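Okay, so here's the structure we're looking at.
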Amino acid sequence: MTNDPTIAIPKVNFDEKGELKITASATSSPNDFDFLVGKWKMHNRHLNKRLENCQEWTEFESSDENTKILGDTADMDTYSTTEFSGQEGKLFQGLTLRLFNPKTRLWSLYWVASNTGVLDPPVVGSFENGVGHFFCKDTFKGKPIIVMFRWDARNKDRPVWGQAFSPDEGKTWEWNFFNVSERIK
């Protein structure tokens with residue numbers, strides 16, 4: 001479970017104020033995340049230390065339940081595991097809220113975790129040919145980064161999510177988290 005090198009990361013663009021400039025694909029749709037509706041078993045792999053040239057990964061299992069809400073403009077999921085590192089066997093939960101803006105045709109993905117209670121800045125983007133890329137500016141250990149989420153939904157019964165950080169405005173990327181979902185039937 002690693003990055004699929006056949007999928008290029010889109011070039012990151014900035015406006016005149018230095019903000020990310022994100023444009024929706026021609027096929028972006030409020031139905032892009034319909035493949036996630038339902039219950040999932042997930043195999044996760046995360047890098048033990050981020051942006052430190054670490055090569056050690058930890059693997060664990062989790063579950064996820066996804067529901068469409070607000071008609072065709074949103075969905076949300078609840079992610080659960082007792083195997084997340086640093087939680088000492090306690091239940092770790094996360095919630096993702098995905099909102100589709102019909103004017104811009106962009107998705108905004110918001111994440112909050114039970115161990116922080118803080119809503120992260122949304123990653124914003126769209127799908128093209130079954131693969132979605134979503135970006136935001138953030139900080140990590142006090143330094144500016146760009147966060148990227150990738151959803152590879154070409155196999156809708158076994159989608160793959162990945163997260164990467166860029167410390168240099170998108171010139172280089174370090175993948176630090178993956179999960180492969182298997183639908184519970």
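To be explicit about the labels: the chains of the structure tokens are called A, B, and onward in the order shown, and within each one the residues are counted from 1, while ligands get numbers from 1 in the order they are shown.
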Item to complete: Just list the residues in segment 2-180 of chain A DSSP gives strand (DSSP E or B) on the backbone, as a ChimeraX atom specification.
Response: /A:14,20,38-47,57-69,74-81,92-101,106-113,119,123-128,131-140,143-152,160-166,174-180
Practice prompt. Do a neighbour search on Thr58 of chain A at 12 Å with only C-alpha atoms, toss out local chain neighbours closer than 5 positions, and write the hits as a PyMOL selection string.
Written response: chain A and resi 1+43-49+83-86+176-179
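Neighbours of segment 23-39 of chain A closer than or equal to 8 Å, with only C-alpha atoms counted and sequence neighbours fewer than 6 positions away skipped, come out as A:Ser63, A:Asp64, A:Glu65, A:Asn66, A:Thr67, A:Lys68, A:Asp72, A:Thr73, A:Ala74, A:Asp75, A:Phe100, A:Pro102, A:Thr104, A:Arg105, A:Leu106, A:Gly125, A:Ser126, A:Phe127, A:Glu128, A:Ala153, A:Lys156, A:Asp157, A:Arg183, A:Ile184, A:Lys185.
Nearest to Val124 of chain A of all the residues A:Val112, A:Leu99, A:Ala164, A:Met42 is A:Leu99, counting only C-alpha atoms.
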